[in-house]
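What's in structure_15.cif: mmCIF, C-alpha atoms
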data_query
#
loop_
_atom_site.label_atom_id
_atom_site.label_comp_id
_atom_site.auth_asym_id
_atom_site.auth_seq_id
_atom_site.Cartn_x
_atom_site.Cartn_y
_atom_site.Cartn_z
CA MET A 172 -26.71 -33.31 20.48
CA ASN A 173 -29.37 -35.53 22.02
CA SER A 174 -31.27 -37.59 19.43
CA GLU A 175 -34.53 -36.32 21.04
CA GLN A 176 -33.50 -32.68 20.52
CA ASP A 177 -34.96 -30.78 17.57
CA PRO A 178 -32.05 -30.14 15.14
CA ILE A 179 -33.60 -26.89 13.90
CA ASN A 180 -33.92 -25.62 17.45
CA CYS A 181 -30.28 -26.56 18.12
CA ILE A 182 -29.13 -24.63 15.02
CA LYS A 183 -31.32 -21.68 16.03
CA ASN A 184 -29.71 -21.62 19.48
CA LEU A 185 -26.21 -21.70 17.98
CA LEU A 186 -27.07 -18.85 15.61
CA GLU A 187 -28.43 -16.80 18.49
CA SER A 188 -25.46 -17.42 20.77
CA LYS A 189 -22.21 -18.51 19.17
CA SER A 190 -22.67 -16.95 15.72
CA THR A 191 -23.99 -13.67 17.14
CA ALA A 192 -21.04 -13.48 19.54
CA LYS A 193 -18.59 -14.11 16.70
CA GLN A 194 -20.10 -11.30 14.63
CA ALA A 195 -19.90 -8.88 17.57
CA THR A 196 -16.29 -9.96 18.09
CA TYR A 197 -15.45 -9.29 14.45
CA ARG A 198 -16.91 -5.77 14.64
CA PHE A 199 -14.83 -4.99 17.75
CA VAL A 200 -11.67 -6.29 16.05
CA VAL A 201 -12.33 -4.16 12.96
CA GLU A 202 -12.79 -1.11 15.19
CA ALA A 203 -9.58 -1.85 17.14
CA PHE A 204 -7.64 -2.35 13.91
CA SER A 205 -8.87 1.00 12.61
CA ILE A 206 -7.72 2.70 15.81
CA PHE A 207 -4.33 0.94 15.55
CA SER A 208 -3.97 2.14 11.96
CA ASN A 209 -4.98 5.72 12.73
CA GLU A 210 -2.69 5.90 15.76
CA ALA A 211 0.27 4.38 13.89
CA LYS A 212 -0.23 6.93 11.09
CA ARG A 213 -0.49 9.76 13.63
CA VAL A 214 2.71 8.66 15.40
CA VAL A 215 4.58 8.34 12.09
CA ASP A 216 3.43 11.81 10.99
CA GLU A 217 4.56 13.23 14.34
CA LEU A 218 7.94 11.50 14.09
CA ILE A 219 8.43 12.85 10.58
CA LYS A 220 7.85 16.37 11.94
CA ARG A 221 10.01 15.95 15.07
CA ALA A 222 12.83 13.55 14.24
CA HIS A 223 15.74 14.82 12.20
CA PRO A 224 18.37 12.08 12.12
CA ASP A 225 21.72 13.01 10.58
CA ASP A 226 21.50 10.08 8.18
CA LYS A 227 18.90 10.48 5.41
CA ASP A 228 18.55 6.69 5.22
CA VAL A 229 16.97 6.63 8.69
CA THR A 230 13.38 6.79 7.47
CA VAL A 231 9.94 6.53 9.01
CA GLU A 232 7.01 5.41 6.86
CA PHE A 233 3.41 4.25 7.17
CA ASN A 234 1.79 2.13 4.44
CA ILE A 235 -1.67 0.65 4.15
CA ILE A 236 -1.35 -2.72 2.41
CA ASN A 237 -5.06 -3.57 2.38
CA GLU A 238 -8.06 -3.35 4.69
CA HIS A 239 -6.54 -6.04 6.94
CA GLU A 240 -2.87 -5.07 6.93
CA PHE A 241 -0.61 -2.05 7.31
CA ASP A 242 3.03 -1.56 8.10
CA VAL A 243 5.26 0.95 9.81
CA LYS A 244 8.91 1.32 8.87
CA LEU A 245 11.12 2.72 11.61
CA ALA A 246 14.68 2.94 10.29
CA GLY A 247 15.76 -0.70 9.86
CA ASP A 248 12.64 -2.23 11.41
CA MET A 249 9.37 -3.05 9.72
CA LEU A 250 6.33 -3.63 11.90
CA ILE A 251 3.47 -5.38 10.16
CA PHE A 252 -0.01 -5.19 11.69
CA VAL A 253 -2.39 -7.90 10.46
CA MET A 254 -6.05 -8.31 11.35
CA HIS A 255 -7.15 -11.92 11.06
CA THR A 256 -10.67 -12.22 9.64
CA ASN A 257 -11.64 -15.41 11.45
CA ILE A 258 -12.74 -15.77 15.05
CA VAL A 259 -10.81 -18.41 16.97
CA THR A 260 -10.72 -20.13 20.31
CA PHE A 261 -8.01 -21.87 22.28
CA GLU A 262 -7.50 -25.39 23.49
CA ASP A 263 -8.76 -26.00 27.01
CA THR A 264 -5.13 -26.23 28.23
CA HIS A 265 -4.39 -22.60 27.27
CA PRO A 266 -4.00 -20.48 30.45
CA ILE A 267 -6.65 -17.96 29.37
CA MET A 268 -9.23 -20.75 29.21
CA LYS A 269 -8.93 -21.27 32.96
CA GLU A 270 -9.90 -17.70 33.85
CA GLU A 271 -13.25 -17.34 35.64
CA TYR A 272 -14.69 -14.96 33.05
CA ILE A 273 -14.02 -17.42 30.22
CA LEU A 274 -15.65 -20.25 32.18
CA GLN A 275 -18.81 -18.22 32.90
CA ASN A 276 -20.17 -18.40 29.36
CA GLU A 277 -19.23 -20.60 26.41
CA VAL A 278 -19.16 -17.65 23.97
CA ASN A 279 -16.60 -15.75 26.06
CA ARG A 280 -13.92 -18.08 24.68
CA TYR A 281 -14.10 -16.83 21.07
CA PHE A 282 -11.61 -14.16 20.04
CA GLY A 283 -10.68 -12.07 17.05
CA GLN A 284 -7.01 -11.29 16.66
CA ILE A 285 -4.60 -8.65 15.48
CA MET A 286 -0.99 -9.75 15.10
CA ILE A 287 1.97 -7.37 15.18
CA TYR A 288 5.17 -8.69 13.60
CA ASN A 289 8.64 -7.19 13.55
CA PHE A 290 10.96 -7.80 10.61
CA MET A 291 14.19 -6.28 9.46
CA ALA A 292 13.09 -3.84 6.76
CA ASP A 293 15.81 -5.05 4.38
CA SER A 294 14.49 -8.61 4.65
CA LEU A 295 11.30 -7.45 3.00
CA LYS A 296 12.95 -4.96 0.66
CA PHE A 297 15.31 -7.60 -0.75
CA ASN A 298 12.82 -10.49 -0.49
CA ARG A 299 15.02 -12.50 1.87
CA THR A 300 12.41 -15.06 2.83
CA ASN A 301 14.70 -16.98 5.19
CA ASP A 302 15.44 -13.97 7.41
CA PRO A 303 13.75 -14.25 10.80
CA GLY A 304 10.97 -12.00 11.91
CA TYR A 305 8.95 -12.48 15.01
CA LEU A 306 5.58 -11.91 16.56
CA LEU A 307 5.79 -8.97 18.97
CA ALA A 308 2.18 -9.16 20.06
CA ARG A 309 -1.12 -10.82 19.40
CA LEU A 310 -4.10 -8.80 20.59
CA MET A 311 -7.16 -10.96 21.26
CA ILE A 312 -10.64 -9.38 21.57
CA ASN A 313 -13.96 -11.07 22.29
CA HIS A 314 -17.68 -10.27 21.93
CA ASP A 315 -17.70 -8.15 25.11
CA ASN A 316 -14.75 -6.16 23.74
CA ARG A 317 -12.65 -7.64 26.53
CA PHE A 318 -9.08 -8.42 25.57
CA PHE A 319 -5.70 -9.81 26.39
CA ILE A 320 -2.32 -9.78 24.68
CA GLU A 321 0.12 -12.57 24.08
CA GLY A 322 3.50 -11.01 23.57
CA GLU A 323 6.79 -9.74 24.82
CA LYS A 324 7.45 -8.80 28.45
CA GLU A 325 6.80 -5.10 27.78
CA LEU A 326 3.15 -6.09 27.26
CA ALA A 327 2.88 -8.39 30.30
CA GLU A 328 0.37 -6.11 32.03
CA PHE A 329 -2.14 -7.17 29.37
CA ASN A 330 -1.64 -10.96 29.49
CA LYS A 331 -4.81 -11.66 31.50
CA ILE A 332 -8.33 -11.10 30.22
CA SER A 333 -9.30 -7.47 30.89
CA GLU A 334 -11.88 -6.54 33.50
CA GLY A 335 -13.67 -4.30 31.01
CA PRO A 336 -13.75 -3.36 27.35
CA ILE A 337 -10.67 -2.23 25.50
CA THR A 338 -10.48 1.54 25.06
CA GLU A 339 -9.02 3.85 22.45
CA ASP A 340 -6.46 5.03 25.01
CA ILE A 341 -5.28 1.46 25.62
CA LEU A 342 -5.03 0.79 21.89
CA ARG A 343 -3.04 3.99 21.33
CA ARG A 344 -0.73 3.02 24.18
CA ILE A 345 -0.16 -0.45 22.71
CA VAL A 346 0.85 1.08 19.36
CA LYS A 347 3.45 3.27 21.05
CA ILE A 348 4.76 0.36 23.12
CA VAL A 349 5.27 -1.91 20.10
CA LEU A 350 6.88 0.85 18.04
CA ARG A 351 9.33 1.52 20.87
CA MET A 352 9.94 -2.23 21.27
CA ALA A 353 10.86 -2.54 17.61
CA ILE A 354 13.48 0.21 17.85
CA GLU A 355 14.90 -1.06 21.16
CA ASN A 356 15.00 -4.73 20.14
CA ASP A 357 18.10 -5.86 18.27
#

Now that the file is in, can you turn its structure into structure tokens?
Amino acid sequence: MNSEQDPINCIKNLLESKSTAKQATYRFVVEAFSIFSNEAKRVVDELIKRAHPDDKDVTVEFNIINEHEFDVKLAGDMLIFVMHTNIVTFEDTHPIMKEEYILQNEVNRYFGQIMIYNFMADSLKFNRTNDPGYLLARLMINHDNRFFIEGEKELAEFNKISEGPITEDILRRIVKIVLRMAIEND
């Protein structure tokens, strides 16, 4: 900040740009998380109706942990969906920061995030804290509801910032992709 610049005016400008963008981002992330949760519940309910494995221990479950977390158990896999409540940005060296859209406006670089982890269900059941789990995907959404995903190769089509806002159909598709990934991944 220039010593000649009015500090109140500087704060006002930040509130009107950066802070407003972060609040819009948060609202879009909350909406996306709700869609994720509803779609995961719908898929689980459909699987319970359709799937009839011979082994009664092959279970499918959906659990809401709190307003920022839910999980889906698919047989021996546990997917945990977590909505982070803070808005973040990346270092300038991150590949997304070099995209033209991000460079057009300072506030385009702030993202909310939803992480999707995969754990072995028994690791959580038996509190085996040293068992590995891993991040399947990290969905990043900004104030324009534009998004990208950092994640496994099955999600590579989403690793660049989107041309437009994320849609319910895209979110539903992502849920199905990560659920399938968890079952296929050993």

Hits of the PyMOL selection byres ((chain A and resi 239) around 9) in this structure, as a ChimeraX atom specification: /A:201,204,235-238,240-241,252-256

Residue IDs satisfying the PyMOL selection byres ((chain A and resi 340-357) around 10), as a ChimeraX atom specification: /A:203-204,206-211,213-215,243-250,252,287-291,307-308,310,320,322-323,325-326,329,336-339

May I have the selected residues written with C-alpha atoms, as a PDB file, in the frame of the given file?
ATOM      1  CA  ALA A 203      -9.580  -1.850  17.140  1.00  0.00           C
ATOM      2  CA  PHE A 204      -7.640  -2.350  13.910  1.00  0.00           C
ATOM      3  CA  ILE A 206      -7.720   2.700  15.810  1.00  0.00           C
ATOM      4  CA  PHE A 207      -4.330   0.940  15.550  1.00  0.00           C
ATOM      5  CA  SER A 208      -3.970   2.140  11.960  1.00  0.00           C
ATOM      6  CA  ASN A 209      -4.980   5.720  12.730  1.00  0.00           C
ATOM      7  CA  GLU A 210      -2.690   5.900  15.760  1.00  0.00           C
ATOM      8  CA  ALA A 211       0.270   4.380  13.890  1.00  0.00           C
ATOM      9  CA  ARG A 213      -0.490   9.760  13.630  1.00  0.00           C
ATOM     10  CA  VAL A 214       2.710   8.660  15.400  1.00  0.00           C
ATOM     11  CA  VAL A 215       4.580   8.340  12.090  1.00  0.00           C
ATOM     12  CA  VAL A 243       5.260   0.950   9.810  1.00  0.00           C
ATOM     13  CA  LYS A 244       8.910   1.320   8.870  1.00  0.00           C
ATOM     14  CA  LEU A 245      11.120   2.720  11.610  1.00  0.00           C
ATOM     15  CA  ALA A 246      14.680   2.940  10.290  1.00  0.00           C
ATOM     16  CA  GLY A 247      15.760  -0.700   9.860  1.00  0.00           C
ATOM     17  CA  ASP A 248      12.640  -2.230  11.410  1.00  0.00           C
ATOM     18  CA  MET A 249       9.370  -3.050   9.720  1.00  0.00           C
ATOM     19  CA  LEU A 250       6.330  -3.630  11.900  1.00  0.00           C
ATOM     20  CA  PHE A 252      -0.010  -5.190  11.690  1.00  0.00           C
ATOM     21  CA  ILE A 287       1.970  -7.370  15.180  1.00  0.00           C
ATOM     22  CA  TYR A 288       5.170  -8.690  13.600  1.00  0.00           C
ATOM     23  CA  ASN A 289       8.640  -7.190  13.550  1.00  0.00           C
ATOM     24  CA  PHE A 290      10.960  -7.800  10.610  1.00  0.00           C
ATOM     25  CA  MET A 291      14.190  -6.280   9.460  1.00  0.00           C
ATOM     26  CA  LEU A 307       5.790  -8.970  18.970  1.00  0.00           C
ATOM     27  CA  ALA A 308       2.180  -9.160  20.060  1.00  0.00           C
ATOM     28  CA  LEU A 310      -4.100  -8.800  20.590  1.00  0.00           C
ATOM     29  CA  ILE A 320      -2.320  -9.780  24.680  1.00  0.00           C
ATOM     30  CA  GLY A 322       3.500 -11.010  23.570  1.00  0.00           C
ATOM     31  CA  GLU A 323       6.790  -9.740  24.820  1.00  0.00           C
ATOM     32  CA  GLU A 325       6.800  -5.100  27.780  1.00  0.00           C
ATOM     33  CA  LEU A 326       3.150  -6.090  27.260  1.00  0.00           C
ATOM     34  CA  PHE A 329      -2.140  -7.170  29.370  1.00  0.00           C
ATOM     35  CA  PRO A 336     -13.750  -3.360  27.350  1.00  0.00           C
ATOM     36  CA  ILE A 337     -10.670  -2.230  25.500  1.00  0.00           C
ATOM     37  CA  THR A 338     -10.480   1.540  25.060  1.00  0.00           C
ATOM     38  CA  GLU A 339      -9.020   3.850  22.450  1.00  0.00           C
TER      39      GLU A 339
END

One-decimal distance in Å that lies between CA of Asp263 in chain A and CA of Ala192 in chain A: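 Computing it gives 19.1 Å between the two atoms.
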
Atomic separation - CA of Met311 in chain A relative to CA of Phe282 in chain A, Å: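 Separating CA of Phe282 in chain A from CA of Met311 in chain A is a distance of 5.6 Å.
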
Residue among A:Leu274, A:Arg221, A:Lys331, A:Val200 lying closest to Met286 in chain A, counting only C-alpha atoms: A:Val200

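What separates CA of Gln284 in chain A from CA of Ile219 in chain A is a distance of 29.3 Å.
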
Nearest residue to Ile273 in chain A from the set A:Glu217, A:Asn184, A:Lys324, A:His314 (distances using only C-alpha atoms):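 Answer, going by the shortest atom-to-atom distance: A:His314.
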
Let me have the centre and edge lengths of the axis-aligned box enclosing all listed atoms of range 241-245 of chain A with 6 Å padding on every side, in Å to one decimal, as lines of an AutoDock Vina configuration file.
center_x = 5.3
center_y = 0.3
center_z = 9.5
size_x = 23.7
size_y = 16.8
size_z = 16.3

Counting all atoms listed in the file, the option among A:Ile285, A:Ile179, A:Leu185, A:Ile332 closest to Ile267 in chain A: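 When distances to Ile267 in chain A are compared using all atoms listed in the file, the smallest one comes from A:Ile332.
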
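Compared by their closest atoms to Thr191 in chain A, and using all atoms listed in the file, the residues A:Ile251, A:Leu306, A:Ile258, A:Met268 rank with A:Ile258 nearest.
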